[in-house]
>>> print(open('coords_14.tsv').read())   # TSV, C-alpha atoms
chain	number	residue	atom	x	y	z
A	20	MET	CA	137.03	81.66	-22.68
A	21	LYS	CA	138.82	84.56	-21.04
A	22	ILE	CA	141.81	83.42	-18.97
A	23	VAL	CA	143.92	85.45	-16.57
A	24	CYS	CA	147.31	84.51	-15.11
A	25	LEU	CA	148.37	86.81	-12.29
A	26	GLU	CA	151.58	85.16	-11.11
A	27	ARG	CA	153.86	84.59	-14.09
A	28	ASP	CA	156.89	85.32	-11.89
A	29	SER	CA	155.99	82.33	-9.69
A	30	ILE	CA	156.38	79.99	-12.68
A	31	GLY	CA	159.12	81.75	-14.64
A	32	LYS	CA	159.30	83.69	-17.86
A	33	ASP	CA	161.35	80.91	-19.44
A	34	ILE	CA	158.31	78.61	-19.50
A	35	ASP	CA	155.99	78.25	-22.51
A	36	PHE	CA	152.33	79.18	-21.86
A	37	SER	CA	151.13	78.67	-25.43
A	38	GLY	CA	148.98	75.70	-24.39
A	39	PHE	CA	146.53	78.15	-22.79
A	40	GLU	CA	146.39	80.39	-25.84
A	41	GLU	CA	144.76	77.51	-27.74
A	42	LEU	CA	141.91	77.51	-25.20
A	43	GLY	CA	140.94	81.18	-25.20
A	44	SER	CA	142.26	84.69	-24.79
A	45	LEU	CA	145.06	84.83	-22.21
A	46	SER	CA	146.00	87.87	-20.14
A	47	ILE	CA	149.24	87.59	-18.16
A	48	SER	CA	150.61	89.69	-15.30
A	49	ASP	CA	153.94	89.03	-13.65
A	50	ARG	CA	152.55	89.51	-10.14
A	51	ALA	CA	149.12	89.66	-8.56
A	52	PRO	CA	147.81	93.00	-7.25
A	53	GLY	CA	148.75	93.68	-3.64
A	54	SER	CA	145.36	94.21	-2.01
A	55	PRO	CA	142.25	91.97	-2.05
A	56	GLU	CA	140.26	94.84	-3.57
A	57	GLU	CA	142.74	95.27	-6.42
A	58	LEU	CA	142.90	91.51	-6.98
A	59	LYS	CA	139.12	91.29	-7.15
A	60	GLU	CA	139.02	94.08	-9.72
A	61	ARG	CA	141.73	92.37	-11.80
A	62	LEU	CA	139.75	89.11	-11.84
A	63	ARG	CA	136.50	90.75	-12.85
A	64	GLY	CA	135.23	89.70	-16.27
A	65	PHE	CA	137.43	86.61	-16.62
A	66	ASP	CA	136.16	83.02	-16.75
A	67	ALA	CA	139.31	81.23	-15.55
A	68	VAL	CA	142.16	82.21	-13.26
A	69	LEU	CA	145.56	80.52	-13.16
A	70	SER	CA	146.69	80.69	-9.55
A	71	ASN	CA	149.65	79.56	-7.49
A	72	LYS	CA	149.95	81.41	-4.19
A	73	ILE	CA	147.31	84.13	-4.29
A	74	ARG	CA	144.43	83.86	-1.82
A	75	LEU	CA	141.19	83.01	-3.60
A	76	ASN	CA	138.20	83.27	-1.29
A	77	GLU	CA	134.95	85.19	-0.88
A	78	GLU	CA	136.83	88.46	-0.42
A	79	THR	CA	138.65	88.13	-3.74
A	80	LEU	CA	136.22	86.04	-5.83
A	81	SER	CA	132.70	87.33	-5.11
A	82	GLY	CA	131.18	89.13	-8.07
A	83	THR	CA	134.13	88.53	-10.39
A	84	GLY	CA	132.53	86.00	-12.74
A	85	ILE	CA	135.33	83.46	-12.27
A	86	ARG	CA	133.99	79.99	-13.09
A	87	VAL	CA	137.13	77.88	-12.79
A	88	ILE	CA	140.37	78.07	-10.82
A	89	ILE	CA	143.39	76.30	-12.26
A	90	GLU	CA	145.79	75.87	-9.35
A	91	MET	CA	149.26	75.63	-10.83
A	92	ALA	CA	150.54	73.63	-7.89
A	93	THR	CA	149.82	70.42	-6.02
A	94	GLY	CA	148.84	72.10	-2.76
A	95	TYR	CA	145.69	74.23	-2.76
A	96	ASP	CA	145.51	75.60	0.78
A	97	ASN	CA	145.37	79.12	-0.72
A	98	ILE	CA	141.85	78.42	-2.06
A	99	ASP	CA	138.63	78.49	-0.02
A	100	LEU	CA	137.15	75.23	-1.29
A	101	ASP	CA	133.93	75.60	0.70
A	102	TYR	CA	133.23	78.94	-0.94
A	103	CYS	CA	133.97	77.47	-4.37
A	104	ARG	CA	131.60	74.54	-3.76
A	105	ALA	CA	128.84	76.85	-2.59
A	106	HIS	CA	129.23	79.07	-5.66
A	107	GLU	CA	129.88	76.34	-8.25
A	108	ILE	CA	133.41	77.41	-9.02
A	109	ALA	CA	135.41	74.46	-10.34
A	110	VAL	CA	138.90	73.92	-8.92
A	111	PHE	CA	141.69	71.84	-10.49
A	112	ASN	CA	145.22	71.23	-9.25
A	113	ALA	CA	148.40	70.07	-10.95
A	114	GLY	CA	149.55	66.91	-9.22
A	115	HIS	CA	152.68	64.87	-9.87
A	116	TYR	CA	154.57	67.50	-11.89
A	117	SER	CA	157.28	68.11	-9.26
A	118	THR	CA	157.84	64.59	-7.91
A	119	ASP	CA	161.29	64.10	-9.44
A	120	ALA	CA	162.45	67.63	-8.68
A	121	CYS	CA	161.37	67.52	-5.01
A	122	ALA	CA	162.91	64.09	-4.48
A	123	GLN	CA	166.15	65.31	-6.07
A	124	HIS	CA	166.29	68.37	-3.83
A	125	THR	CA	165.55	66.27	-0.76
A	126	PHE	CA	168.72	64.30	-1.41
A	127	ALA	CA	170.69	67.40	-2.41
A	128	LEU	CA	170.05	68.83	1.07
A	129	ALA	CA	170.54	65.55	2.95
A	130	LEU	CA	173.74	64.58	1.14
A	131	ALA	CA	175.23	68.06	1.47
A	132	LEU	CA	174.64	67.96	5.23
A	133	MET	CA	175.76	64.37	5.80
A	134	GLY	CA	178.73	64.77	3.45
A	135	LYS	CA	179.76	68.15	4.98
A	136	VAL	CA	179.92	69.55	1.46
A	137	PRO	CA	179.69	73.25	2.46
A	138	TYR	CA	182.62	72.86	4.89
A	139	PHE	CA	184.88	71.02	2.43
A	140	ASP	CA	184.14	73.55	-0.32
A	141	ARG	CA	185.11	76.42	2.00
A	142	TYR	CA	188.19	74.53	3.21
A	143	VAL	CA	189.61	74.04	-0.29
A	144	LYS	CA	188.73	77.49	-1.64
A	145	SER	CA	190.07	79.28	1.44
A	146	GLY	CA	193.55	77.81	0.89
A	147	GLY	CA	193.32	75.65	3.98
A	148	TYR	CA	193.75	72.46	2.00
A	149	SER	CA	196.75	73.78	0.07
A	150	ALA	CA	198.47	74.77	3.30
A	151	SER	CA	197.59	71.60	5.20
A	152	GLY	CA	200.33	69.28	3.97
A	153	ASN	CA	197.81	66.43	4.04
A	154	PHE	CA	196.07	64.76	1.09
A	155	THR	CA	192.73	64.74	2.92
A	156	ASP	CA	190.82	66.30	5.82
A	157	LEU	CA	189.17	64.16	8.48
A	158	THR	CA	188.14	66.87	10.92
A	159	HIS	CA	184.48	66.77	9.79
A	160	PRO	CA	183.28	63.15	9.66
A	161	VAL	CA	181.16	62.19	6.66
A	162	ILE	CA	178.10	60.03	7.35
A	163	GLU	CA	176.75	57.40	4.94
A	164	VAL	CA	173.07	56.96	4.12
A	165	ALA	CA	173.59	53.20	3.79
A	166	GLY	CA	172.54	51.35	6.90
A	167	LYS	CA	170.66	54.34	8.33
A	168	THR	CA	166.94	54.57	9.01
A	169	TRP	CA	165.24	57.08	6.72
A	170	GLY	CA	161.89	58.26	8.08
A	171	ILE	CA	159.35	59.68	5.66
A	172	ALA	CA	156.41	61.79	6.83
A	173	GLY	CA	153.82	61.72	4.08
A	174	MET	CA	153.78	58.90	1.54
A	175	GLY	CA	152.30	60.55	-1.51
A	176	ASN	CA	154.07	60.54	-4.86
A	177	ILE	CA	157.08	62.47	-3.57
A	178	GLY	CA	157.37	60.41	-0.40
A	179	ARG	CA	157.28	57.16	-2.37
A	180	LYS	CA	159.92	58.44	-4.79
A	181	VAL	CA	162.18	59.43	-1.89
A	182	ALA	CA	161.63	56.01	-0.31
A	183	SER	CA	162.74	54.21	-3.47
A	184	ILE	CA	165.90	56.34	-3.72
A	185	ALA	CA	166.68	55.91	-0.02
A	186	LYS	CA	166.39	52.14	-0.49
A	187	ALA	CA	168.77	52.35	-3.46
A	188	PHE	CA	171.28	54.08	-1.17
A	189	GLY	CA	170.95	51.17	1.26
A	190	ALA	CA	168.79	52.83	3.92
A	191	ASP	CA	165.96	51.21	5.85
A	192	VAL	CA	162.72	53.13	5.31
A	193	ILE	CA	160.02	53.72	7.90
A	194	THR	CA	157.00	55.96	7.51
A	195	TYR	CA	154.62	58.01	9.59
A	196	ALA	CA	151.12	58.34	8.11
A	197	THR	CA	150.31	62.01	8.65
A	198	SER	CA	146.81	61.36	7.29
A	199	GLY	CA	146.19	58.72	9.94
A	200	ARG	CA	145.77	56.08	7.23
A	201	PRO	CA	148.90	53.94	6.82
A	202	GLY	CA	148.98	51.94	3.63
A	203	THR	CA	152.31	51.52	1.87
A	204	GLU	CA	154.73	48.65	1.39
A	205	TYR	CA	157.03	50.27	3.96
A	206	GLU	CA	156.85	49.87	7.73
A	207	SER	CA	154.45	52.41	9.25
A	208	VAL	CA	155.05	53.38	12.88
A	209	SER	CA	153.67	55.72	15.53
A	210	PHE	CA	154.98	59.27	15.59
A	211	ASP	CA	157.00	58.69	18.76
A	212	GLU	CA	158.67	55.61	17.29
A	213	PHE	CA	159.23	57.46	14.02
A	214	LEU	CA	161.08	60.23	15.85
A	215	LYS	CA	163.15	57.90	18.00
A	216	ARG	CA	164.27	55.54	15.22
A	217	SER	CA	164.95	57.85	12.29
A	218	ASP	CA	168.46	58.98	11.37
A	219	ILE	CA	167.12	61.16	8.57
A	220	ILE	CA	163.57	62.52	8.47
A	221	SER	CA	162.16	64.03	5.30
A	222	ILE	CA	158.78	65.73	5.22
A	223	HIS	CA	156.49	65.36	2.19
A	224	CYS	CA	153.00	65.83	3.65
A	225	PRO	CA	150.38	68.54	3.05
A	226	LEU	CA	149.68	71.23	5.63
A	227	THR	CA	146.52	70.30	7.54
A	228	ASP	CA	145.17	70.68	11.06
A	229	ARG	CA	146.91	67.37	11.84
A	230	THR	CA	150.30	68.48	10.54
A	231	LEU	CA	150.45	72.13	11.67
A	232	HIS	CA	153.64	72.38	13.80
A	233	LEU	CA	153.83	68.60	13.89
A	234	PHE	CA	157.57	68.93	14.40
A	235	ASP	CA	157.66	71.04	17.54
A	236	GLU	CA	159.85	71.35	20.63
A	237	SER	CA	158.59	68.04	22.00
A	238	ALA	CA	159.27	66.24	18.71
A	239	PHE	CA	162.84	67.54	18.48
A	240	ARG	CA	163.57	66.35	22.01
A	241	LYS	CA	162.55	62.82	20.98
A	242	MET	CA	164.77	62.73	17.88
A	243	LYS	CA	168.29	61.37	17.89
A	244	LYS	CA	170.96	63.98	18.48
A	245	THR	CA	172.62	62.65	15.32
A	246	ALA	CA	169.46	62.97	13.19
A	247	TYR	CA	168.85	65.32	10.26
A	248	LEU	CA	165.54	66.93	9.29
A	249	ILE	CA	164.66	67.79	5.68
A	250	ASN	CA	161.52	69.78	4.89
A	251	VAL	CA	160.42	70.27	1.26
A	252	ALA	CA	156.67	70.17	2.01
A	253	ARG	CA	155.12	73.16	3.80
A	254	GLY	CA	156.93	75.45	6.23
A	255	ALA	CA	154.28	75.39	8.94
A	256	VAL	CA	154.60	71.62	9.40
A	257	VAL	CA	157.71	72.59	11.39
A	258	ASP	CA	157.74	74.98	14.33
A	259	GLU	CA	160.66	76.98	12.97
A	260	ARG	CA	161.57	78.70	16.22
A	261	ALA	CA	161.67	75.32	17.97
A	262	LEU	CA	163.86	74.05	15.13
A	263	ALA	CA	166.30	76.93	15.58
A	264	ASP	CA	166.53	76.14	19.30
A	265	ALA	CA	166.98	72.42	18.57
A	266	ILE	CA	169.97	73.13	16.31
A	267	ILE	CA	171.54	75.66	18.66
A	268	ASP	CA	171.06	73.32	21.66
A	269	ASP	CA	172.45	70.30	19.75
A	270	GLU	CA	169.19	68.37	20.06
A	271	ILE	CA	169.53	67.32	16.40
A	272	ALA	CA	172.52	67.24	14.05
A	273	GLY	CA	171.10	69.62	11.48
A	274	ALA	CA	168.39	70.48	8.99
A	275	GLY	CA	167.79	71.30	5.34
A	276	ILE	CA	164.78	73.59	4.92
A	277	ASP	CA	163.29	74.62	1.58
A	278	VAL	CA	159.90	75.90	2.77
A	279	HIS	CA	159.04	78.51	5.37
A	280	GLU	CA	155.94	79.43	7.32
A	281	SER	CA	156.10	82.94	5.88
A	282	GLU	CA	157.47	83.29	2.36
A	283	PRO	CA	159.72	84.99	1.69
A	284	ILE	CA	161.31	84.33	5.07
A	285	GLU	CA	161.28	87.32	7.45
A	286	ALA	CA	164.54	89.24	7.66
A	287	ASP	CA	164.66	88.75	11.45
A	288	HIS	CA	163.76	85.05	11.41
A	289	PRO	CA	165.64	83.02	14.08
A	290	LEU	CA	166.86	80.49	11.50
A	291	LEU	CA	168.79	83.27	9.77
A	292	ASN	CA	170.84	83.74	12.93
A	293	ILE	CA	172.35	80.28	12.42
A	294	LYS	CA	175.26	80.89	10.06
A	295	ASP	CA	176.72	77.37	10.32
A	296	THR	CA	175.97	75.90	6.88
A	297	ASP	CA	177.36	72.57	8.05
A	298	ARG	CA	174.28	72.22	10.26
A	299	LEU	CA	171.61	74.29	8.54
A	300	LEU	CA	170.95	74.72	4.82
A	301	LEU	CA	168.16	77.04	3.68
A	302	THR	CA	166.79	77.30	0.15
A	303	PRO	CA	164.00	79.62	-1.11
A	304	HIS	CA	161.09	77.22	-1.80
A	305	MET	CA	162.60	75.94	-5.02
A	306	ALA	CA	162.66	72.15	-4.58
A	307	TRP	CA	159.75	71.95	-7.03
A	308	ALA	CA	161.23	74.36	-9.55
A	309	SER	CA	163.41	72.50	-12.04
A	310	VAL	CA	162.95	73.72	-15.60
A	311	GLU	CA	161.34	70.40	-16.49
A	312	ALA	CA	158.96	70.48	-13.52
A	313	ARG	CA	157.81	74.02	-14.22
A	314	GLN	CA	157.02	73.19	-17.85
A	315	ARG	CA	155.16	70.04	-16.75
A	316	ASP	CA	153.21	72.20	-14.30
A	317	VAL	CA	152.05	74.55	-17.04
A	318	ASP	CA	151.29	71.74	-19.47
A	319	ILE	CA	149.24	69.82	-16.87
A	320	SER	CA	147.41	73.03	-15.94
A	321	ALA	CA	146.51	73.65	-19.58
A	322	GLU	CA	145.23	70.07	-19.82
A	323	ASN	CA	143.13	70.70	-16.70
A	324	LEU	CA	141.50	73.73	-18.28
A	325	ARG	CA	140.89	71.70	-21.43
A	326	ALA	CA	139.27	69.03	-19.23
A	327	TYR	CA	136.98	71.65	-17.68
A	328	ILE	CA	135.90	72.90	-21.08
A	329	SER	CA	135.12	69.37	-22.25
A	330	GLY	CA	133.37	68.41	-18.99
A	331	GLU	CA	135.98	65.92	-17.75
A	332	LYS	CA	136.79	65.42	-14.05
A	333	LYS	CA	140.55	64.83	-14.38
A	334	ASN	CA	142.49	66.49	-11.50
A	335	ARG	CA	139.27	68.22	-10.40
A	336	ILE	CA	139.03	68.95	-6.67
A	337	VAL	CA	135.74	70.90	-6.69
>>> encode(input="coords_14.tsv", output="structure tokens")
Amino acid sequence: MKIVCLERDSIGKDIDFSGFEELGSLSISDRAPGSPEELKERLRGFDAVLSNKIRLNEETLSGTGIRVIIEMATGYDNIDLDYCRAHEIAVFNAGHYSTDACAQHTFALALALMGKVPYFDRYVKSGGYSASGNFTDLTHPVIEVAGKTWGIAGMGNIGRKVASIAKAFGADVITYATSGRPGTEYESVSFDEFLKRSDIISIHCPLTDRTLHLFDESAFRKMKKTAYLINVARGAVVDERALADAIIDDEIAGAGIDVHESEPIEADHPLLNIKDTDRLLLTPHMAWASVEARQRDVDISAENLRAYISGEKKNRIV
């Protein structure tokens, strides 16, 4: 089997790909070609493609000979599944590899915001603490997770992991079923009630027609002014311009955002105008990217290709 990986930079050069070398000849490029025509030419003659963010559709797949797509991610909205079904191209994804990493980053963002960590770090390093004459600083109140209501949008593996950690912190957990099918051990509520009751909202749902700009201007107006929003799912679940306005207008307390509608984020994006790190923390789509998670991703992806070769259905979407 001839295998091509076009996005090594999206996984990292510190990760071991030798599991694929046992399955066939492997050709690796750091980045995919820029144009659909160049991408199509690069794919030509290969049986399997390892993808992450590149668009795989009729424009880039037709006539290439690709028989199987190994999506090295949980989400697969970059792949035209209908085209793959019609042309008998198998598609696999790598689920569950980033659960611990994404849950950890969710709390890193939430705790930094609620604990005013950026402010206190600046205060000490600037010399303000040394000059204060006081053993502490109470100008920026710290908020506890215990006793708060943590709302989770999307109760897949990551959402359930976050729920269990939030419970361990002493929070009450409520959920909103973005799929329309509630079914967890936690209280599931309507979207309006979810917005009105939650002190912290974390987003862990896929991007679908139902979730596109789910958190918009209307949603932010219904949230508590003391509430925090954390998004480690997909950028377009949040209307980012409405979020910027909500923070500037004090409609919510703050947000931690790891994912963006356009990645990398545009240089003139309205969120970049908010310099107050006590209210807005931005990270570059790396909640998933612990060393351990990235190696699990590659190992699961290699197992998926092995499953395809042996005719198994494990993690197969198409």
>>> closest_atom_pairs(input="coords_14.tsv", of="region 144-258 of chain A", to="region 307-325 of chain A", cutoff="12 Å", atoms="only C-alpha atoms", output="tab-separated table")
residue	atom	partner	partner_atom	distance
A:Ile177	CA	A:Trp307	CA	10.4
A:His223	CA	A:Trp307	CA	11.8
A:Val251	CA	A:Trp307	CA	8.5
A:Ala252	CA	A:Trp307	CA	9.7
A:Arg253	CA	A:Trp307	CA	11.8
>>> residues_near_point(input="coords_14.tsv", point="(141.5, 82.7, -21.4)", cutoff="9 Å", atoms="all atoms listed in the file", output="list in words")
Met20, Lys21, Ile22, Val23, Cys24, Phe39, Glu40, Glu41, Leu42, Gly43, Ser44, Leu45, Ser46, Phe65, Asp66, Ala67 and Val68 of chain A
>>> atom_distance(input="coords_14.tsv", atom1="CA of Ala131 (chain A)", atom2="CA of Asp297 (chain A)")
8.3 Å
>>> atom_distance(input="coords_14.tsv", atom1="CA of Phe139 (chain A)", atom2="CA of Ala263 (chain A)")
23.5 Å
>>> atom_distance(input="coords_14.tsv", atom1="CA of Lys243 (chain A)", atom2="CA of Ile271 (chain A)")
6.3 Å
>>> residues_near_point(input="coords_14.tsv", point="(144.8, 75.2, -8.1)", cutoff="10 Å", atoms="all atoms listed in the file", output="list in words")
Val68, Leu69, Ser70, Asn71, Lys72, Leu75, Val87, Ile88, Ile89, Glu90, Met91, Ala92, Thr93, Gly94, Tyr95, Asp96, Asn97, Ile98, Ala109, Val110, Phe111, Asn112, Ala113, Gly114, Ser320, Asn323, Asn334, Arg335 and Ile336 of chain A
>>> residues_around(input="coords_14.tsv", residues="region 227-233 of chain A", least_positions_apart="5", cutoff="7 Å", atoms="only C-alpha atoms", output="list of chain:residue names")
A:Thr197, A:Ala255, A:Val256, A:Val257, A:Asp258
>>> closest_residue(input="coords_14.tsv", among="A:Leu214, A:Ala172, A:Ile184, A:Ala265", to="Asp119 (chain A)", atoms="only C-alpha atoms")
A:Ile184
>>> closest_residue(input="coords_14.tsv", among="A:Leu300, A:Ile34, A:Leu100, A:Leu290", to="Ala261 (chain A)", atoms="all atoms listed in the file")
A:Leu290
>>> closest_residue(input="coords_14.tsv", among="A:Met174, A:Arg240, A:Met305, A:Pro283", to="Ser117 (chain A)", atoms="all atoms listed in the file")
A:Met305
>>> residues_around(input="coords_14.tsv", residues="Ile249 (chain A)", least_positions_apart="2", cutoff="9 Å", atoms="all atoms listed in the file", output="JSON, numbers by chain")
{"A": [125, 126, 128, 129, 219, 220, 221, 222, 247, 251, 273, 274, 275, 276, 277]}
>>> closest_residue(input="coords_14.tsv", among="A:Ser237, A:Ser209, A:Asn250, A:Ser281", to="Pro225 (chain A)", atoms="all atoms listed in the file")
A:Asn250
>>> closest_residue(input="coords_14.tsv", among="A:Ala306, A:Val192, A:Ala286, A:Val164", to="Thr118 (chain A)", atoms="all atoms listed in the file")
A:Ala306
>>> residues_around(input="coords_14.tsv", residues="Arg216 (chain A)", least_positions_apart="5", cutoff="12 Å", atoms="only C-alpha atoms", output="count of residues only")
23
